[in-house]
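*Asks:* Contents of data-v9.txt (compact mmCIF, C-alpha atoms and all ligand atoms) are given next:
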```txt
# COMPACT_ATOMS: atom_id res chain seq x y z
CA ASP A 1 179.31 67.35 79.70
CA SER A 2 177.44 70.18 78.01
CA ALA A 3 180.30 71.03 75.66
CA GLU A 4 180.06 67.55 74.22
CA SER A 5 176.30 67.71 73.72
CA ILE A 6 176.54 70.68 71.37
CA ASN A 7 176.15 69.71 67.74
CA THR A 8 179.06 71.34 65.98
CA ASP A 9 178.05 70.16 62.52
CA ILE A 10 174.71 71.87 61.93
CA VAL A 11 173.19 72.36 58.51
CA THR A 12 172.49 76.03 57.85
CA LEU A 13 170.29 77.13 54.97
CA SER A 14 173.41 78.48 53.24
CA ARG A 15 175.15 75.12 53.54
CA TYR A 16 171.99 73.30 52.44
CA ILE A 17 171.76 75.53 49.36
CA LEU A 18 175.38 74.88 48.42
CA GLU A 19 175.02 71.12 48.91
CA LYS A 20 171.80 71.07 46.94
CA GLN A 21 173.55 72.93 44.13
CA ARG A 22 176.39 70.43 44.18
CA TYR A 23 174.19 67.32 44.10
CA SER A 24 171.24 68.30 41.98
CA ALA A 25 171.62 68.58 38.24
CA LYS A 26 168.33 70.47 37.99
CA HIS A 27 169.50 73.42 40.05
CA ALA A 28 173.17 73.21 39.22
CA THR A 29 173.37 76.88 38.34
CA GLY A 30 174.91 79.09 40.97
CA GLU A 31 172.18 81.54 40.01
CA PHE A 32 169.53 79.60 41.89
CA SER A 33 171.74 79.45 44.98
CA LEU A 34 172.35 83.18 44.89
CA LEU A 35 168.64 83.79 44.58
CA LEU A 36 167.89 81.60 47.63
CA ASN A 37 170.54 83.56 49.49
CA SER A 38 168.87 86.85 48.65
CA LEU A 39 165.57 85.32 49.76
CA GLN A 40 166.87 84.35 53.16
CA PHE A 41 168.24 87.86 53.59
CA ALA A 42 164.77 89.28 52.83
CA PHE A 43 163.19 86.89 55.37
CA LYS A 44 165.65 87.91 58.10
CA PHE A 45 165.16 91.59 57.36
CA ILE A 46 161.34 91.36 57.38
CA SER A 47 161.47 89.23 60.51
CA GLN A 48 163.59 91.84 62.32
CA THR A 49 161.40 94.68 61.10
CA ILE A 50 158.23 93.02 62.38
CA ARG A 51 159.79 92.19 65.73
CA ARG A 52 160.95 95.79 66.20
CA ALA A 53 157.82 97.40 64.81
CA GLU A 54 155.90 97.99 67.99
CA LEU A 55 158.88 99.47 69.72
CA VAL A 56 159.75 101.94 67.01
CA ASN A 57 156.12 102.90 66.60
CA LEU A 58 155.52 101.59 63.11
CA MET A 59 152.02 100.39 63.86
CA GLY A 60 149.03 101.96 62.14
CA LEU A 61 147.71 102.72 58.71
CA SER A 62 149.83 104.33 56.02
CA GLY A 63 146.84 105.77 54.15
CA ALA A 64 147.55 103.95 50.89
CA SER A 65 145.67 100.89 49.64
CA ASN A 66 146.98 97.95 47.63
CA ALA A 67 146.05 96.36 44.31
CA THR A 68 143.16 94.32 45.70
CA GLY A 69 141.73 97.25 47.65
CA ASP A 70 142.64 96.15 51.17
CA GLN A 71 143.87 98.72 53.61
CA GLN A 72 147.62 98.67 53.65
CA LYS A 73 149.71 99.08 56.75
CA LYS A 74 153.13 100.55 57.15
CA LEU A 75 154.58 97.12 57.65
CA ASP A 76 153.02 95.90 54.39
CA VAL A 77 154.75 98.75 52.59
CA LEU A 78 158.05 98.07 54.33
CA GLY A 79 157.87 94.32 53.79
CA ASP A 80 157.15 94.94 50.13
CA GLU A 81 160.08 97.35 49.78
CA ILE A 82 162.46 95.01 51.56
CA PHE A 83 161.41 92.10 49.37
CA ILE A 84 161.55 94.02 46.09
CA ASN A 85 164.96 95.53 46.87
CA ALA A 86 166.42 92.16 47.85
CA MET A 87 165.16 90.53 44.66
CA LYS A 88 166.11 93.41 42.40
CA THR A 89 169.66 93.56 43.71
CA SER A 90 170.13 89.79 43.69
CA GLY A 91 170.49 90.16 39.93
CA ASN A 92 168.81 86.81 39.33
CA VAL A 93 165.22 87.97 39.19
CA LYS A 94 163.81 89.40 36.00
CA VAL A 95 160.09 89.45 36.79
CA LEU A 96 158.44 90.09 40.14
CA VAL A 97 154.78 89.92 41.16
CA SER A 98 153.85 91.23 44.60
CA GLU A 99 150.48 91.27 46.28
CA GLU A 100 151.19 94.90 47.11
CA GLN A 101 151.92 95.93 43.49
CA GLU A 102 149.11 96.24 40.98
CA ASP A 103 151.37 95.54 37.98
CA LEU A 104 154.20 93.14 37.60
CA LEU A 105 157.71 94.55 37.80
CA VAL A 106 160.32 93.74 35.16
CA PHE A 107 163.95 94.42 36.08
CA ARG A 108 165.34 95.21 32.63
CA ASN A 109 168.92 95.58 33.87
CA ASN A 110 169.03 92.14 35.46
CA SER A 111 170.28 89.24 33.40
CA GLY A 112 168.54 86.74 35.71
CA SER A 113 166.39 83.89 34.52
CA TYR A 114 163.77 83.76 37.29
CA ALA A 115 160.29 85.10 37.87
CA ILE A 116 159.19 85.40 41.48
CA CYS A 117 155.74 85.97 42.98
CA CYS A 118 155.24 86.94 46.60
CA ASP A 119 152.95 88.07 49.32
CA PRO A 120 155.51 90.00 51.39
CA ILE A 121 153.44 90.06 54.61
CA ASP A 122 150.50 87.69 54.54
CA GLY A 123 147.97 87.77 57.36
CA SER A 124 148.66 91.41 58.11
CA SER A 125 145.26 91.90 59.80
CA ASN A 126 146.91 89.94 62.64
CA LEU A 127 149.98 92.15 62.93
CA ASP A 128 148.81 94.57 65.59
CA ALA A 129 147.90 91.67 67.88
CA GLY A 130 151.35 90.11 67.56
CA VAL A 131 149.93 86.98 65.91
CA SER A 132 152.10 85.07 63.42
CA VAL A 133 152.28 86.39 59.88
CA GLY A 134 154.52 85.33 57.00
CA THR A 135 155.98 85.82 53.54
CA ILE A 136 154.89 83.45 50.76
CA VAL A 137 156.93 82.93 47.59
CA SER A 138 156.66 81.01 44.34
CA LEU A 139 159.40 80.78 41.77
CA PHE A 140 159.36 80.11 38.02
CA ARG A 141 162.17 79.96 35.48
CA LEU A 142 161.62 82.37 32.60
CA LEU A 143 160.20 80.80 29.46
CA PRO A 144 162.83 79.96 26.82
CA ASP A 145 164.01 83.14 25.05
CA SER A 146 161.90 85.36 27.29
CA SER A 147 163.36 88.70 28.28
CA GLY A 148 160.81 89.01 31.05
CA SER A 149 157.05 89.38 30.53
CA ILE A 150 153.70 88.59 32.08
CA LYS A 151 153.72 85.26 30.23
CA ASP A 152 156.49 84.09 32.55
CA VAL A 153 154.03 83.99 35.46
CA LEU A 154 150.66 83.26 33.82
CA ARG A 155 151.47 79.56 33.79
CA SER A 156 150.29 76.31 35.26
CA GLY A 157 151.27 75.70 38.89
CA ARG A 158 153.05 72.57 37.71
CA GLU A 159 155.74 74.77 36.20
CA MET A 160 156.89 76.25 39.51
CA VAL A 161 160.50 75.32 40.26
CA ALA A 162 160.42 76.23 43.95
CA ALA A 163 158.11 77.53 46.64
CA CYS A 164 158.63 78.58 50.22
CA TYR A 165 157.25 80.63 53.05
CA ALA A 166 158.75 82.30 56.06
CA MET A 167 156.62 82.39 59.19
CA TYR A 168 157.33 85.09 61.74
CA GLY A 169 156.01 83.44 64.89
CA ALA A 170 157.53 82.60 68.26
CA SER A 171 160.48 81.65 66.06
CA THR A 172 161.05 82.46 62.42
CA HIS A 173 160.69 79.39 60.23
CA VAL A 174 161.30 78.79 56.54
CA MET A 175 159.68 75.84 54.76
CA LEU A 176 161.08 75.21 51.31
CA THR A 177 160.52 72.88 48.37
CA THR A 178 162.37 72.66 45.09
CA GLY A 179 160.18 69.78 43.94
CA ASP A 180 162.15 67.20 45.87
CA GLY A 181 160.31 67.04 49.23
CA VAL A 182 160.03 69.74 51.88
CA ASP A 183 162.74 70.91 54.24
CA GLY A 184 162.16 73.27 57.16
CA PHE A 185 164.51 75.69 58.89
CA THR A 186 164.42 77.71 62.11
CA LEU A 187 166.20 81.04 62.50
CA ASP A 188 168.86 81.03 65.20
CA THR A 189 168.86 84.73 66.02
CA ASN A 190 172.27 84.53 67.72
CA LEU A 191 173.97 82.99 64.72
CA GLY A 192 171.79 84.90 62.26
CA GLU A 193 171.37 81.64 60.35
CA PHE A 194 168.45 79.43 59.43
CA ILE A 195 169.15 75.93 60.81
CA LEU A 196 167.74 72.77 59.20
CA THR A 197 165.23 71.58 61.82
CA TYR A 198 162.65 69.68 59.71
CA PRO A 199 164.59 67.66 57.13
CA ASN A 200 162.39 65.89 54.60
CA LEU A 201 159.12 66.81 56.28
CA HIS A 202 156.15 64.48 55.80
CA MET A 203 152.79 65.70 56.98
CA PRO A 204 150.46 63.34 58.90
CA LEU A 205 148.14 61.39 56.60
CA GLU A 206 145.11 62.33 58.70
CA CYS A 207 144.26 64.55 61.65
CA PRO A 208 140.88 65.64 63.07
CA ILE A 209 141.43 69.40 62.73
CA TYR A 210 139.58 71.71 60.34
CA SER A 211 140.55 75.30 59.69
CA ILE A 212 138.09 77.61 57.96
CA ASN A 213 136.50 81.01 58.68
CA GLU A 214 133.11 79.80 59.95
CA GLY A 215 131.91 83.38 60.22
CA ASN A 216 131.25 83.02 56.49
CA THR A 217 128.91 80.02 56.91
CA LEU A 218 125.83 81.95 55.78
CA TYR A 219 127.58 82.92 52.55
CA TRP A 220 128.67 79.36 51.68
CA GLU A 221 126.89 77.10 49.26
CA GLN A 222 124.73 74.53 51.03
CA HIS A 223 127.03 71.62 50.20
CA ILE A 224 129.97 73.32 51.93
CA GLN A 225 127.84 73.98 55.00
CA ASP A 226 126.85 70.30 54.95
CA PHE A 227 130.47 69.17 54.68
CA VAL A 228 131.67 71.31 57.59
CA ASN A 229 128.66 70.29 59.69
CA GLY A 230 129.60 66.67 59.02
CA LEU A 231 132.99 67.28 60.68
CA LYS A 232 131.24 68.39 63.86
CA GLU A 233 129.30 65.16 64.16
CA PRO A 234 130.64 62.19 66.18
CA GLN A 235 133.33 60.47 64.11
CA GLN A 236 133.49 56.69 64.20
CA PHE A 237 137.28 56.66 63.79
CA LEU A 238 137.60 59.06 66.75
CA ASN A 239 135.51 56.99 69.14
CA GLY A 240 132.60 59.32 68.67
CA LYS A 241 134.49 62.61 69.04
CA PRO A 242 134.05 65.41 66.50
CA TYR A 243 136.78 67.33 64.65
CA SER A 244 138.50 70.24 66.40
CA SER A 245 138.41 73.74 64.93
CA ARG A 246 141.57 75.88 64.63
CA TYR A 247 141.64 79.12 62.66
CA ILE A 248 144.31 81.78 62.99
CA GLY A 249 143.41 83.91 59.97
CA SER A 250 147.03 84.01 58.76
CA MET A 251 147.33 81.57 55.91
CA VAL A 252 151.00 80.95 56.65
CA ALA A 253 150.31 80.07 60.28
CA ASP A 254 147.27 77.93 59.45
CA VAL A 255 149.19 76.07 56.72
CA HIS A 256 152.26 75.71 58.96
CA ARG A 257 150.15 74.00 61.62
CA THR A 258 148.54 71.85 58.92
CA LEU A 259 151.97 70.76 57.64
CA LEU A 260 153.11 69.81 61.14
CA TYR A 261 149.93 68.42 62.71
CA GLY A 262 147.83 67.56 59.65
CA GLY A 263 144.13 68.23 59.13
CA LEU A 264 142.50 70.48 56.57
CA PHE A 265 142.60 74.18 55.79
CA SER A 266 140.11 75.79 53.45
CA TYR A 267 139.02 79.13 52.05
CA PRO A 268 136.09 78.27 49.75
CA CYS A 269 134.19 80.53 47.38
CA ASP A 270 131.25 82.29 49.01
CA ARG A 271 128.65 84.90 48.10
CA LYS A 272 131.05 87.72 49.05
CA ASN A 273 134.18 86.15 47.55
CA LYS A 274 132.82 84.56 44.37
CA HIS A 275 136.24 83.28 43.29
CA GLY A 276 137.56 82.64 46.78
CA LYS A 277 139.80 85.03 48.68
CA LEU A 278 143.30 83.65 48.36
CA ARG A 279 145.47 84.55 45.39
CA LEU A 280 146.69 81.81 43.06
CA LEU A 281 150.19 82.96 42.21
CA TYR A 282 151.52 83.81 45.65
CA GLU A 283 149.16 82.07 48.08
CA ALA A 284 147.43 79.00 46.64
CA PHE A 285 150.21 77.81 44.26
CA PRO A 286 153.17 77.88 46.64
CA MET A 287 151.19 76.40 49.54
CA ALA A 288 149.75 73.66 47.30
CA PHE A 289 153.27 72.82 46.08
CA LEU A 290 154.60 72.59 49.65
CA VAL A 291 151.64 70.53 50.89
CA GLU A 292 151.86 68.07 47.98
CA GLN A 293 155.61 67.73 48.43
CA ALA A 294 154.98 66.90 52.10
CA GLY A 295 152.54 64.14 51.10
CA GLY A 296 149.27 66.08 51.30
CA LYS A 297 146.77 67.30 48.72
CA ALA A 298 145.46 70.66 47.50
CA VAL A 299 142.32 71.18 45.39
CA ASN A 300 139.75 73.90 44.69
CA ASP A 301 136.00 73.80 45.49
CA LYS A 302 135.38 71.73 42.36
CA GLY A 303 138.01 69.20 43.34
CA GLU A 304 140.47 70.29 40.64
CA ARG A 305 144.11 70.05 41.62
CA ILE A 306 145.39 73.55 42.47
CA LEU A 307 148.68 72.98 40.63
CA ASP A 308 146.77 72.17 37.42
CA LEU A 309 145.23 75.66 37.34
CA THR A 310 146.58 78.57 35.29
CA PRO A 311 145.88 82.20 36.22
CA GLU A 312 144.65 84.64 33.58
CA HIS A 313 145.65 87.71 35.57
CA ILE A 314 148.45 88.08 38.09
CA HIS A 315 146.13 88.72 41.06
CA ASP A 316 143.61 85.96 40.23
CA LYS A 317 142.06 84.17 43.19
CA SER A 318 141.04 80.58 43.83
CA SER A 319 139.07 78.59 46.34
CA ILE A 320 141.28 76.13 48.18
CA TRP A 321 141.13 72.93 50.25
CA LEU A 322 144.52 71.71 51.37
CA GLY A 323 145.86 69.31 53.96
CA SER A 324 146.19 65.67 54.91
CA ALA A 325 145.32 63.16 52.20
CA TYR A 326 142.51 61.63 54.28
CA GLU A 327 140.74 64.92 54.95
CA ILE A 328 141.02 66.16 51.36
CA ASP A 329 139.82 62.79 50.04
CA ARG A 330 136.87 63.14 52.37
CA TYR A 331 136.01 66.46 50.72
CA LEU A 332 136.50 64.96 47.24
CA GLN A 333 134.19 62.12 48.19
CA HIS A 334 131.63 64.63 49.45
CA ILE A 335 131.53 66.35 46.05
CA GLY A 336 131.48 63.01 44.22
CA LYS A 337 135.02 63.35 42.89
CA GLN A 338 136.81 60.56 44.67
CA GLN A 339 139.00 58.61 42.27
P1 LIG B 401 146.13 89.25 53.20
O1 LIG B 401 147.04 88.72 52.12
O2 LIG B 401 145.50 90.55 52.84
O3 LIG B 401 146.78 89.25 54.54
O4 LIG B 401 144.87 88.22 53.24
C1 LIG B 401 145.11 86.87 53.23
C2 LIG B 401 144.69 86.29 54.56
C3 LIG B 401 145.23 84.91 54.76
O5 LIG B 401 146.45 84.96 55.45
C4 LIG B 401 144.16 84.25 55.57
O6 LIG B 401 144.13 82.86 55.33
C5 LIG B 401 142.92 84.93 55.12
O7 LIG B 401 143.30 86.15 54.56
C6 LIG B 401 141.96 85.18 56.23
O8 LIG B 401 140.82 85.78 55.73
P2 LIG B 401 139.51 86.03 56.63
O9 LIG B 401 139.89 87.11 57.59
O10 LIG B 401 138.46 86.44 55.65
O11 LIG B 401 139.19 84.73 57.32
MG MG B 402 148.96 89.96 52.21
```
Go ahead and render the structure in this file as structure tokens.
Ligand code: AHM
Ligand code: MG
*Replies:*
Amino acid sequence: DSAESINTDIVTLSRYILEKQRYSAKHATGEFSLLLNSLQFAFKFISQTIRRAELVNLMGLSGASNATGDQQKKLDVLGDEIFINAMKTSGNVKVLVSEEQEDLLVFRNNSGSYAICCDPIDGSSNLDAGVSVGTIVSLFRLLPDSSGSIKDVLRSGREMVAACYAMYGASTHVMLTTGDGVDGFTLDTNLGEFILTYPNLHMPLECPIYSINEGNTLYWEQHIQDFVNGLKEPQQFLNGKPYSSRYIGSMVADVHRTLLYGGLFSYPCDRKNKHGKLRLLYEAFPMAFLVEQAGGKAVNDKGERILDLTPEHIHDKSSIWLGSAYEIDRYLQHIGKQQ
């Protein structure tokens, strides 16, 4: 009967964190677990705030603008406040970089040993239409003997100890890596808990989907136009069919689909965005880490591995090509970089 079909032994994110702490020497400090707990609180709070926003009339511009000059919405401000407060009071975070804050924040009173970088609400141009947006996070341990400085985040992507995003879509999902594969969770709003729904996620090795803002075609270098045009030609391995195009314009949602279905997502450099549009520390790095941990690849326009890059400034940008190994190899081949 139905009572018997209910799984009474589900893995919540809290349980997962505790078990991970117990079994992994690398993250054996309770500090890391507490930090992940504060993170999931921030995700639930932002998720609720977005879902209520229309009803409590939060939509519209706040009048302020953020570090990179975009127009900032009330929800961006709120998401930023929620995130900063959760991290500050967790006690485990010493350094915080937010897309919405021009300078990095150092919490002098915290004894924590982590530096965190985030885009509190990514894809916010989609908010008013109710399209999925998300929060993206990368995590570093402070350098040895550091009391918290900019040096703790101006590091190679290889030094990240964890990355995750929350996607506020039809459901709220969290995809998380601590460098040991990717696990995905879905928020059960009745229980108020994230439930492990995608254990050890592996992305498909190939998929005929490309995701790129083609409105920028005229601004792309010729070789990028050529590459994308090539995807629209009949593909032998698809019995003569071309690739399909999918572009949401929320990086979290486009990457989430890419993790689950495969294919490629790109935001290349163009004449308007000479260094690309997406930010290294809290967009390109964490997504590259997740994609690689799920079996995919992530490179820049030149074919350099994203995780091998090091930002010079906290809001530095990068071009990006990420997705299934086959599709990224195809790009690498196109630029003559196939190993
Ligand atoms: P945001 O951080 O200001 O929201 O901008 C980042 C977003 C990404 O979510 C998305 O991939 C990209 O910008 C879309 O840009 P465009 O509208 O130029 O295609
Ligand atoms: Mg943003």
*Asks:* Nearest residue to ligand MG 402 (chain B) out of A:Leu34, A:Ala325, A:Val182, A:Leu278, using all atoms listed in the file?
*Replies:* A:Leu278
*Asks:* At a cut-off of 8 Å, using all atoms listed in the file, what residues contact segment 110-114 of chain A? Leave out same-chain residues fewer than 3 positions from it and give the result as a ChimeraX atom specification.
*Replies:* /A:31,88,91-95,107,139-142
*Asks:* Please determine, counting all atoms listed in the file, which residue among A:Cys118, A:Leu238, A:Leu201, A:Val174 has the shortest atom-to-atom distance to ligand LIG 401 (chain B).
*Replies:*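 For ligand LIG 401 (chain B), the nearest of the given residues is A:Cys118.
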*Asks:* Which of these, A:Gly230, A:Gly123, A:Gly130, A:Gly79, has the shortest distance to ligand MG 402 (chain B) once you count all atoms listed in the file?
*Replies:*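 Comparing A:Gly230, A:Gly123, A:Gly130, A:Gly79 against ligand MG 402 (chain B), the winner is A:Gly123.
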*Asks:* Compute the set of protein, DNA and RNA residues whose minimum atom distance to ligand LIG 401 (chain B) is at most 9 Å, using only C-alpha atoms and all ligand atoms, and state it as a count of residues only.
*Replies:* 37
*Asks:* So, counting all atoms listed in the file, which residue among A:Ser146, A:Ser98, A:Pro242, A:Ala86 is closest to ligand MG 402 (chain B)?
*Replies:*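 For ligand MG 402 (chain B), the nearest of the candidates is A:Ser98.
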*Asks:* With a distance cut-off of 9 Å and only C-alpha atoms, select the neighbouring residues of Lys272 of chain A, excluding the residue or stretch itself and same-chain residues fewer than 3 positions from it, and output the selection as a list in words.
*Replies:*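 Once the adjacent positions are removed, what remains is Asn216, Tyr219, Cys269, His275 and Gly276 of chain A.
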*Asks:* Would you mind exporting the chosen residues as an mmCIF file, keeping the file's coordinate frame, restricted to C-alpha atoms?
*Replies:*
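Result file out-v4.cif:
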```
data_model
loop_
_atom_site.group_PDB
_atom_site.id
_atom_site.type_symbol
_atom_site.label_atom_id
_atom_site.label_comp_id
_atom_site.auth_asym_id
_atom_site.auth_seq_id
_atom_site.Cartn_x
_atom_site.Cartn_y
_atom_site.Cartn_z
ATOM 1 C CA ASN A 216 131.250 83.020 56.490
ATOM 2 C CA TYR A 219 127.580 82.920 52.550
ATOM 3 C CA CYS A 269 134.190 80.530 47.380
ATOM 4 C CA HIS A 275 136.240 83.280 43.290
ATOM 5 C CA GLY A 276 137.560 82.640 46.780
#
```
*Asks:* Could you tell me how far atom CA of Ile136 of chain A sits from atom CA of Ile82 of chain A, in Å to one decimal place?
*Replies:* 13.8 Å
*Asks:* Could you work out an axis-aligned bounding box for all listed atoms of segment 269-283 of chain A, with 3 Å added on each of the six sides, and give its centre and edge lengths in Å to one decimal, as AutoDock Vina command-line options?
*Replies:*
```
--center_x 140.1 --center_y 84.1 --center_z 45.6 --size_x 28.9 --size_y 13.2 --size_z 12.8
```
*Asks:* Please list as a list in words every residue within 8 Å of Leu259 of chain A, counting all atoms listed in the file and excluding residues in the same chain fewer than 6 positions away.
*Replies:*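 Counting only the stated atoms, we get His202, Met203, Pro204, Val291, Ala294 and Gly323 of chain A.
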*Asks:* Based on the selection just made, write C-alpha atoms of those residues as an mmCIF file, in the frame of the given file.
*Replies:*
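The file below, selection.cif, is the result:
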```cif
data_model
loop_
_atom_site.group_PDB
_atom_site.id
_atom_site.type_symbol
_atom_site.label_atom_id
_atom_site.label_comp_id
_atom_site.auth_asym_id
_atom_site.auth_seq_id
_atom_site.Cartn_x
_atom_site.Cartn_y
_atom_site.Cartn_z
ATOM 1 C CA HIS A 202 156.150 64.480 55.800
ATOM 2 C CA MET A 203 152.790 65.700 56.980
ATOM 3 C CA PRO A 204 150.460 63.340 58.900
ATOM 4 C CA VAL A 291 151.640 70.530 50.890
ATOM 5 C CA ALA A 294 154.980 66.900 52.100
ATOM 6 C CA GLY A 323 145.860 69.310 53.960
#
```
*Asks:* Using atom CA of Leu96 of chain A and atom CA of Leu75 of chain A as the two end points, give the distance in Å to one decimal.
*Replies:* 19.3 Å
*Asks:* Neighbouring residues of Gly181 of chain A were defined as those with any atom within 12 Å, considering only C-alpha atoms; residues of the same chain fewer than 6 positions away were excluded. Please report them as a PDB file with C-alpha atoms, in the coordinates of the input.
*Replies:*
```pdb
ATOM      1  CA  ALA A 162     160.420  76.230  43.950  1.00  0.00           C
ATOM      2  CA  ALA A 163     158.110  77.530  46.640  1.00  0.00           C
ATOM      3  CA  CYS A 164     158.630  78.580  50.220  1.00  0.00           C
ATOM      4  CA  MET A 175     159.680  75.840  54.760  1.00  0.00           C
ATOM      5  CA  TYR A 198     162.650  69.680  59.710  1.00  0.00           C
ATOM      6  CA  PRO A 199     164.590  67.660  57.130  1.00  0.00           C
ATOM      7  CA  ASN A 200     162.390  65.890  54.600  1.00  0.00           C
ATOM      8  CA  LEU A 201     159.120  66.810  56.280  1.00  0.00           C
ATOM      9  CA  HIS A 202     156.150  64.480  55.800  1.00  0.00           C
ATOM     10  CA  MET A 203     152.790  65.700  56.980  1.00  0.00           C
ATOM     11  CA  PHE A 289     153.270  72.820  46.080  1.00  0.00           C
ATOM     12  CA  LEU A 290     154.600  72.590  49.650  1.00  0.00           C
ATOM     13  CA  VAL A 291     151.640  70.530  50.890  1.00  0.00           C
ATOM     14  CA  GLU A 292     151.860  68.070  47.980  1.00  0.00           C
ATOM     15  CA  GLN A 293     155.610  67.730  48.430  1.00  0.00           C
ATOM     16  CA  ALA A 294     154.980  66.900  52.100  1.00  0.00           C
ATOM     17  CA  GLY A 295     152.540  64.140  51.100  1.00  0.00           C
ATOM     18  CA  GLY A 296     149.270  66.080  51.300  1.00  0.00           C
TER      19      GLY A 296
END
```
*Asks:* If you measure from atom CA of Ser38 of chain A to atom CA of Ile84 of chain A, what distance in Å do you get, rounded to one decimal?
*Replies:* 10.6 Å
*Asks:* Kindly indicate which residue among A:Ser244, A:Asn239, A:Asn300, A:Gln101 lies nearest to ligand MG 402 (chain B), using only C-alpha atoms and all ligand atoms for the distances.
*Replies:*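 Of the candidates, the smallest distance to ligand MG 402 (chain B) is held by A:Gln101.
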*Asks:* I want to know what sits within 9 Å of Gly263 of chain A, based on only C-alpha atoms, with residues of the same chain fewer than 4 positions away left out; could you give that as a list of chain:residue names?
*Replies:*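 These residues fall inside the cut-off: A:Pro204, A:Leu205, A:Glu206, A:Cys207, A:Pro208, A:Ile209, A:Tyr210, A:Ser211, A:Arg257, A:Thr258, A:Leu259, A:Leu322, A:Gly323, A:Ser324, A:Ala325, A:Tyr326, A:Glu327, A:Ile328.
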*Asks:* Find the residue from A:Glu54, A:Asp226, A:Asp76, A:Glu19 that sits nearest to ligand MG 402 (chain B); use all atoms listed in the file when measuring.
*Replies:* A:Asp76
*Asks:* Missing atoms in segment 276-292 of chain A: can you complete it with N, CA and C atoms, as a short mmCIF file (atom, residue, chain, number, x, y, z; two decimals), keeping the file's coordinate frame?
*Replies:*
```
data_model
loop_
_atom_site.label_atom_id
_atom_site.label_comp_id
_atom_site.auth_asym_id
_atom_site.auth_seq_id
_atom_site.Cartn_x
_atom_site.Cartn_y
_atom_site.Cartn_z
N GLY A 276 136.68 82.91 45.64
CA GLY A 276 137.56 82.64 46.78
C GLY A 276 138.27 83.92 47.19
N LYS A 277 139.09 83.83 48.22
CA LYS A 277 139.80 85.03 48.68
C LYS A 277 141.29 84.96 48.39
N LEU A 278 141.84 83.76 48.42
CA LEU A 278 143.30 83.65 48.36
C LEU A 278 143.79 83.69 46.91
N ARG A 279 144.93 84.31 46.72
CA ARG A 279 145.47 84.55 45.39
C ARG A 279 146.26 83.33 44.90
N LEU A 280 146.06 83.02 43.62
CA LEU A 280 146.69 81.81 43.06
C LEU A 280 148.22 81.89 43.08
N LEU A 281 148.75 82.95 42.48
CA LEU A 281 150.19 82.96 42.21
C LEU A 281 151.06 82.97 43.46
N TYR A 282 150.62 83.69 44.50
CA TYR A 282 151.52 83.81 45.65
C TYR A 282 150.88 83.34 46.95
N GLU A 283 149.72 82.69 46.88
CA GLU A 283 149.16 82.07 48.08
C GLU A 283 148.83 80.60 47.80
N ALA A 284 147.89 80.37 46.89
CA ALA A 284 147.43 79.00 46.64
C ALA A 284 148.53 78.12 46.00
N PHE A 285 149.18 78.62 44.96
CA PHE A 285 150.21 77.81 44.26
C PHE A 285 151.34 77.37 45.20
N PRO A 286 152.03 78.33 45.83
CA PRO A 286 153.17 77.88 46.64
C PRO A 286 152.76 76.96 47.78
N MET A 287 151.61 77.26 48.43
CA MET A 287 151.19 76.40 49.54
C MET A 287 150.79 75.01 49.03
N ALA A 288 150.14 74.96 47.87
CA ALA A 288 149.75 73.66 47.30
C ALA A 288 151.00 72.84 46.98
N PHE A 289 152.01 73.50 46.43
CA PHE A 289 153.27 72.82 46.08
C PHE A 289 153.91 72.23 47.35
N LEU A 290 153.99 73.05 48.40
CA LEU A 290 154.60 72.59 49.65
C LEU A 290 153.81 71.41 50.24
N VAL A 291 152.48 71.57 50.28
CA VAL A 291 151.64 70.53 50.89
C VAL A 291 151.76 69.22 50.11
N GLU A 292 151.72 69.30 48.78
CA GLU A 292 151.86 68.07 47.98
C GLU A 292 153.23 67.43 48.20
#
```
